[in-house]
Amino acid sequence: MIEKTFMPTSLALSLLKEDVPEQKLSLVSELSKNQKKLIIRCLLEGNIELLRHPKNQSDKNYELMRKFAIMLLRDITKGNKSLVWQAFSPLLVEDTEAKIIEAFASKEEIPDDDISVSVDQTANLTAAIANGLKYPELDSKGNVDYSELIIFLEKLCKIFKWDVYESSTLGYESRDGSHGKLRWYAVILSQWIKGTGLRFIMEQSLEYKRQNRGSRVMINFKSVTYNDSLEHRNIVISDTLQAIENVILFSISNYFLRFSTEYKRYRQVDSFPNDWYEYVEYGTTNPLSIMLQRNGFSRETSTFIRKNKDDYVVLTDNGDVKLRHSLLECDNVSVRKEVKDVLYNVPELFIG
């Protein structure tokens, strides 16, 4: 039997009478006063590309500092008195806000609610799309030319200033001045959107290390030559998984979302073919797989249905794609479970 304990009434009353400590936004403790002063000074100059402070500032702290600078600029230009604005308000003396508004008034792009992209990046993106920039085309088999993908990513690198804002990943410069990591990410990206399984992607990463003498891995912050030992293989697998999760599915996905959103706004369309944001989001270039995932199926189940489409997929006279109820009786247990859930939530997707 569990013994119940009760708080004494006198203690409970005393706690209720105590003042609740003032809640502070994380930036108050994360950003120093000098960093906040630097943010305001840069905004007064009409500059959102912040200097690092201190010079050895970590990427994580710099990213935090930059995001709050974007949020503060948005609040000032829109007259919001948010928690961010309140944290900076002691430093916004006299006509500081008016001067910041004036500094950005001549810029075509205005701050929006996307704190992952600043006005300088947005201006570059709009100009590039106006000049005809678009995603690389796929061939009839859904493959992309690697060199064309690299060219496109290099253009995005310049547009979004990855060498400044993503210097440890997308904008990382090798000793020869090239974006070495970007080329690696391009390989993984092309594999991911084709629906390639994680196991195959891992094997390809390991095979690359084996075939390229002089390939290196990082151990205890030191670069060492790859020797295909268990330790080194585990490092390669870990690095590849992190690249997929943190770079492909987060960073690149967010940049592609911004590109697609701006492309649709500029072209005045609700959607467009060859949308790479969808390819990354759903891990495939196949229209059927994308449609299935939009309706709640996992990437794996969508692949199963696509591979067995002759048995379970029906194209109606109106051109709509429907699924047969017989999918509930397929051999795959996990697929049957998902089908049952989707049937409950989206019954109109099924027929027969």
# chains A, B, ... in the order shown; residues from 1 in each chain; ligands from 1

$ residues_around --residues "A:Glu173" --least-positions-apart "3" --cutoff "12 Å" --atoms "only C-alpha atoms" --output "mmCIF file with N, CA and C atoms, in the first residue's frame"
data_model
loop_
_atom_site.group_PDB
_atom_site.id
_atom_site.type_symbol
_atom_site.label_atom_id
_atom_site.label_comp_id
_atom_site.auth_asym_id
_atom_site.auth_seq_id
_atom_site.Cartn_x
_atom_site.Cartn_y
_atom_site.Cartn_z
ATOM 1 N N GLU A 154 25.900 25.793 -54.449
ATOM 2 C CA GLU A 154 26.899 26.862 -54.345
ATOM 3 C C GLU A 154 26.230 28.231 -54.489
ATOM 4 N N CYS A 157 24.605 28.921 -51.314
ATOM 5 C CA CYS A 157 25.646 29.260 -50.340
ATOM 6 C C CYS A 157 25.936 30.756 -50.368
ATOM 7 N N TRP A 162 26.108 31.210 -46.358
ATOM 8 C CA TRP A 162 26.421 30.071 -45.498
ATOM 9 C C TRP A 162 27.836 30.144 -44.943
ATOM 10 N N ASP A 163 28.748 30.790 -45.689
ATOM 11 C CA ASP A 163 30.117 30.902 -45.184
ATOM 12 C C ASP A 163 30.168 31.733 -43.907
ATOM 13 N N VAL A 164 29.136 32.565 -43.698
ATOM 14 C CA VAL A 164 29.053 33.387 -42.481
ATOM 15 C C VAL A 164 28.150 32.729 -41.447
ATOM 16 N N GLU A 166 26.576 29.607 -41.593
ATOM 17 C CA GLU A 166 26.646 28.146 -41.441
ATOM 18 C C GLU A 166 28.089 27.688 -41.662
ATOM 19 N N SER A 167 29.012 28.389 -41.038
ATOM 20 C CA SER A 167 30.435 28.196 -41.338
ATOM 21 C C SER A 167 30.986 26.828 -40.941
ATOM 22 N N SER A 168 30.309 26.134 -40.036
ATOM 23 C CA SER A 168 30.819 24.828 -39.615
ATOM 24 C C SER A 168 30.186 23.675 -40.383
ATOM 25 N N THR A 169 29.167 23.970 -41.193
ATOM 26 C CA THR A 169 28.498 22.901 -41.945
ATOM 27 C C THR A 169 28.386 23.261 -43.424
ATOM 28 N N LEU A 170 27.274 23.856 -43.813
ATOM 29 C CA LEU A 170 27.016 24.137 -45.225
ATOM 30 C C LEU A 170 28.042 25.082 -45.840
ATOM 31 N N ASP A 176 41.683 23.982 -49.284
ATOM 32 C CA ASP A 176 41.866 24.455 -50.658
ATOM 33 C C ASP A 176 40.856 25.534 -51.046
ATOM 34 N N GLY A 177 40.024 25.948 -50.075
ATOM 35 C CA GLY A 177 39.063 27.012 -50.331
ATOM 36 C C GLY A 177 37.721 26.537 -50.854
ATOM 37 N N SER A 178 37.588 25.244 -51.122
ATOM 38 C CA SER A 178 36.326 24.704 -51.626
ATOM 39 C C SER A 178 35.389 24.375 -50.463
ATOM 40 N N HIS A 179 34.120 24.208 -50.781
ATOM 41 C CA HIS A 179 33.138 23.826 -49.766
ATOM 42 C C HIS A 179 33.049 22.302 -49.730
ATOM 43 N N GLY A 180 34.025 21.703 -49.060
ATOM 44 C CA GLY A 180 34.143 20.251 -49.042
ATOM 45 C C GLY A 180 32.944 19.543 -48.449
ATOM 46 N N LYS A 181 32.451 20.044 -47.329
ATOM 47 C CA LYS A 181 31.308 19.398 -46.690
ATOM 48 C C LYS A 181 30.054 19.526 -47.550
ATOM 49 N N LEU A 182 29.928 20.625 -48.265
ATOM 50 C CA LEU A 182 28.752 20.841 -49.101
ATOM 51 C C LEU A 182 28.656 19.761 -50.177
ATOM 52 N N ARG A 183 29.788 19.341 -50.689
ATOM 53 C CA ARG A 183 29.808 18.282 -51.700
ATOM 54 C C ARG A 183 29.366 16.951 -51.095
#

$ select_by_dssp --residues "stretch 164-207 of chain A" --states "alpha helix (DSSP H)" --output "list of chain:residue names"
A:Val164, A:Tyr165, A:Gly180, A:Lys181, A:Leu182, A:Arg183, A:Trp184, A:Tyr185, A:Ala186, A:Val187, A:Ile188, A:Leu189, A:Ser190, A:Gln191, A:Trp192, A:Ile193, A:Leu198, A:Arg199, A:Phe200, A:Ile201, A:Met202, A:Glu203, A:Gln204, A:Ser205, A:Leu206, A:Glu207

$ write_last_selection --atoms "C-alpha atoms" --output "PDB file, in the first residue's frame"
ATOM      1  CA  VAL A 164      29.053  33.387 -42.481  1.00  0.00           C
ATOM      2  CA  TYR A 165      25.923  31.878 -40.949  1.00  0.00           C
ATOM      3  CA  GLY A 180      34.143  20.251 -49.042  1.00  0.00           C
ATOM      4  CA  LYS A 181      31.308  19.398 -46.690  1.00  0.00           C
ATOM      5  CA  LEU A 182      28.752  20.841 -49.101  1.00  0.00           C
ATOM      6  CA  ARG A 183      29.808  18.282 -51.700  1.00  0.00           C
ATOM      7  CA  TRP A 184      29.342  15.504 -49.161  1.00  0.00           C
ATOM      8  CA  TYR A 185      25.916  16.824 -48.212  1.00  0.00           C
ATOM      9  CA  ALA A 186      25.008  16.931 -51.912  1.00  0.00           C
ATOM     10  CA  VAL A 187      25.713  13.205 -52.203  1.00  0.00           C
ATOM     11  CA  ILE A 188      23.556  12.385 -49.180  1.00  0.00           C
ATOM     12  CA  LEU A 189      20.832  14.777 -50.359  1.00  0.00           C
ATOM     13  CA  SER A 190      20.635  13.131 -53.784  1.00  0.00           C
ATOM     14  CA  GLN A 191      20.416   9.713 -52.128  1.00  0.00           C
ATOM     15  CA  TRP A 192      17.783  10.830 -49.629  1.00  0.00           C
ATOM     16  CA  ILE A 193      15.336  12.297 -52.144  1.00  0.00           C
ATOM     17  CA  LEU A 198      19.567   4.528 -44.369  1.00  0.00           C
ATOM     18  CA  ARG A 199      21.489   1.260 -44.496  1.00  0.00           C
ATOM     19  CA  PHE A 200      22.537   1.851 -48.100  1.00  0.00           C
ATOM     20  CA  ILE A 201      23.505   5.469 -47.376  1.00  0.00           C
ATOM     21  CA  MET A 202      25.698   4.267 -44.485  1.00  0.00           C
ATOM     22  CA  GLU A 203      27.333   1.611 -46.649  1.00  0.00           C
ATOM     23  CA  GLN A 204      28.053   4.164 -49.362  1.00  0.00           C
ATOM     24  CA  SER A 205      29.677   6.505 -46.832  1.00  0.00           C
ATOM     25  CA  LEU A 206      31.897   3.703 -45.563  1.00  0.00           C
ATOM     26  CA  GLU A 207      32.783   2.569 -49.079  1.00  0.00           C
TER      27      GLU A 207
END

$ residues_around --residues "stretch 54-63 of chain A" --least-positions-apart "3" --cutoff "12 Å" --atoms "only C-alpha atoms" --output "JSON, numbers by chain"
{"A": [26, 27, 29, 30, 31, 32, 33, 34, 35, 36, 38, 39, 49, 50, 51, 66, 67, 68, 69, 70, 115, 116, 117, 118, 163, 164, 165, 166, 167, 168, 169]}

$ select_by_dssp --residues "stretch 145-322 of chain A" --states "strand (DSSP E or B)" --output "list of chain:residue names"
A:Arg216, A:Val217, A:Met218, A:Ile219, A:Lys222, A:Ser223, A:Val224, A:Thr225, A:Val313, A:Val314, A:Leu315, A:Val321, A:Lys322

$ write_last_selection --atoms "N, CA and C atoms" --output "PDB file, in the first residue's frame"
ATOM      1  N   ARG A 216      39.836  11.113 -43.888  1.00  0.00           N
ATOM      2  CA  ARG A 216      40.128  11.327 -42.481  1.00  0.00           C
ATOM      3  C   ARG A 216      38.849  11.349 -41.650  1.00  0.00           C
ATOM      4  N   VAL A 217      39.005  11.114 -40.366  1.00  0.00           N
ATOM      5  CA  VAL A 217      37.914  11.216 -39.401  1.00  0.00           C
ATOM      6  C   VAL A 217      38.418  12.011 -38.206  1.00  0.00           C
ATOM      7  N   MET A 218      37.476  12.568 -37.450  1.00  0.00           N
ATOM      8  CA  MET A 218      37.836  13.357 -36.277  1.00  0.00           C
ATOM      9  C   MET A 218      37.710  12.509 -35.019  1.00  0.00           C
ATOM     10  N   ILE A 219      38.792  12.445 -34.246  1.00  0.00           N
ATOM     11  CA  ILE A 219      38.792  11.743 -32.965  1.00  0.00           C
ATOM     12  C   ILE A 219      39.387  12.674 -31.919  1.00  0.00           C
ATOM     13  N   LYS A 222      40.852  15.820 -33.198  1.00  0.00           N
ATOM     14  CA  LYS A 222      42.032  15.696 -34.044  1.00  0.00           C
ATOM     15  C   LYS A 222      41.688  14.908 -35.299  1.00  0.00           C
ATOM     16  N   SER A 223      42.204  15.368 -36.429  1.00  0.00           N
ATOM     17  CA  SER A 223      41.960  14.701 -37.701  1.00  0.00           C
ATOM     18  C   SER A 223      42.976  13.582 -37.892  1.00  0.00           C
ATOM     19  N   VAL A 224      42.468  12.355 -38.092  1.00  0.00           N
ATOM     20  CA  VAL A 224      43.350  11.200 -38.282  1.00  0.00           C
ATOM     21  C   VAL A 224      42.947  10.460 -39.554  1.00  0.00           C
ATOM     22  N   THR A 225      43.885   9.731 -40.128  1.00  0.00           N
ATOM     23  CA  THR A 225      43.627   8.982 -41.356  1.00  0.00           C
ATOM     24  C   THR A 225      42.684   7.813 -41.082  1.00  0.00           C
ATOM     25  N   VAL A 313      -3.324   0.225 -55.719  1.00  0.00           N
ATOM     26  CA  VAL A 313      -3.579   1.607 -56.133  1.00  0.00           C
ATOM     27  C   VAL A 313      -4.500   1.635 -57.347  1.00  0.00           C
ATOM     28  N   VAL A 314      -5.491   2.527 -57.292  1.00  0.00           N
ATOM     29  CA  VAL A 314      -6.461   2.661 -58.377  1.00  0.00           C
ATOM     30  C   VAL A 314      -6.481   4.111 -58.852  1.00  0.00           C
ATOM     31  N   LEU A 315      -6.450   4.309 -60.159  1.00  0.00           N
ATOM     32  CA  LEU A 315      -6.576   5.639 -60.745  1.00  0.00           C
ATOM     33  C   LEU A 315      -7.991   5.774 -61.295  1.00  0.00           C
ATOM     34  N   VAL A 321      -6.205   9.444 -57.272  1.00  0.00           N
ATOM     35  CA  VAL A 321      -5.545   8.220 -56.818  1.00  0.00           C
ATOM     36  C   VAL A 321      -6.259   7.701 -55.577  1.00  0.00           C
ATOM     37  N   LYS A 322      -6.669   6.436 -55.618  1.00  0.00           N
ATOM     38  CA  LYS A 322      -7.355   5.809 -54.491  1.00  0.00           C
ATOM     39  C   LYS A 322      -6.644   4.508 -54.114  1.00  0.00           C
TER      40      LYS A 322
END

$ atom_distance --atom1 "atom CA of A:Gly132" --atom2 "atom CA of A:Lys264"
12.9 Å

$ closest_residue --among "A:Val342, A:Ala105, A:Val236, A:Met291" --to "A:Leu328" --atoms "only C-alpha atoms"
A:Val342

$ residues_around --residues "A:Ile101" --least-positions-apart "4" --cutoff "10 Å" --atoms "only C-alpha atoms" --output "PDB file with C-alpha atoms, in the first residue's frame"
ATOM      1  CA  LEU A  43      20.962  47.472 -36.572  1.00  0.00           C
ATOM      2  CA  LEU A  44      21.642  51.202 -36.405  1.00  0.00           C
ATOM      3  CA  GLY A  46      21.352  48.808 -41.260  1.00  0.00           C
ATOM      4  CA  LEU A  73      14.401  44.142 -35.784  1.00  0.00           C
ATOM      5  CA  ARG A  74      10.982  42.683 -36.545  1.00  0.00           C
ATOM      6  CA  ILE A  76      10.973  47.480 -33.800  1.00  0.00           C
ATOM      7  CA  THR A  77       9.722  47.776 -37.386  1.00  0.00           C
ATOM      8  CA  LYS A  78       6.270  46.456 -36.431  1.00  0.00           C
ATOM      9  CA  THR A  96      17.335  54.575 -31.307  1.00  0.00           C
ATOM     10  CA  GLU A  97      14.286  52.752 -32.651  1.00  0.00           C
ATOM     11  CA  ALA A 105      13.545  51.784 -44.672  1.00  0.00           C
ATOM     12  CA  SER A 106      15.464  51.903 -47.944  1.00  0.00           C
TER      13      SER A 106
END

$ atom_distance --atom1 "atom CA of A:Gly197" --atom2 "atom CA of A:Pro136"
22.3 Å

$ atom_distance --atom1 "atom CA of A:Asp331" --atom2 "atom CA of A:Lys194"
25.0 Å

$ residues_around --residues "A:Asn254" --least-positions-apart "2" --cutoff "12 Å" --atoms "only C-alpha atoms" --output "number ranges by chain"
A: 114-117, 160, 246-252, 256-261, 276-278, 280-281

$ residues_around --residues "A:Phe304" --least-positions-apart "2" --cutoff "12 Å" --atoms "only C-alpha atoms" --output "ChimeraX atom specification"
/A:195,288-289,292-293,297-302,306-313,327,330-336,338-339

$ closest_residue --among "A:Val144, A:Gly283, A:Asn227, A:Asn131" --to "A:Ile244" --atoms "only C-alpha atoms"
A:Gly283
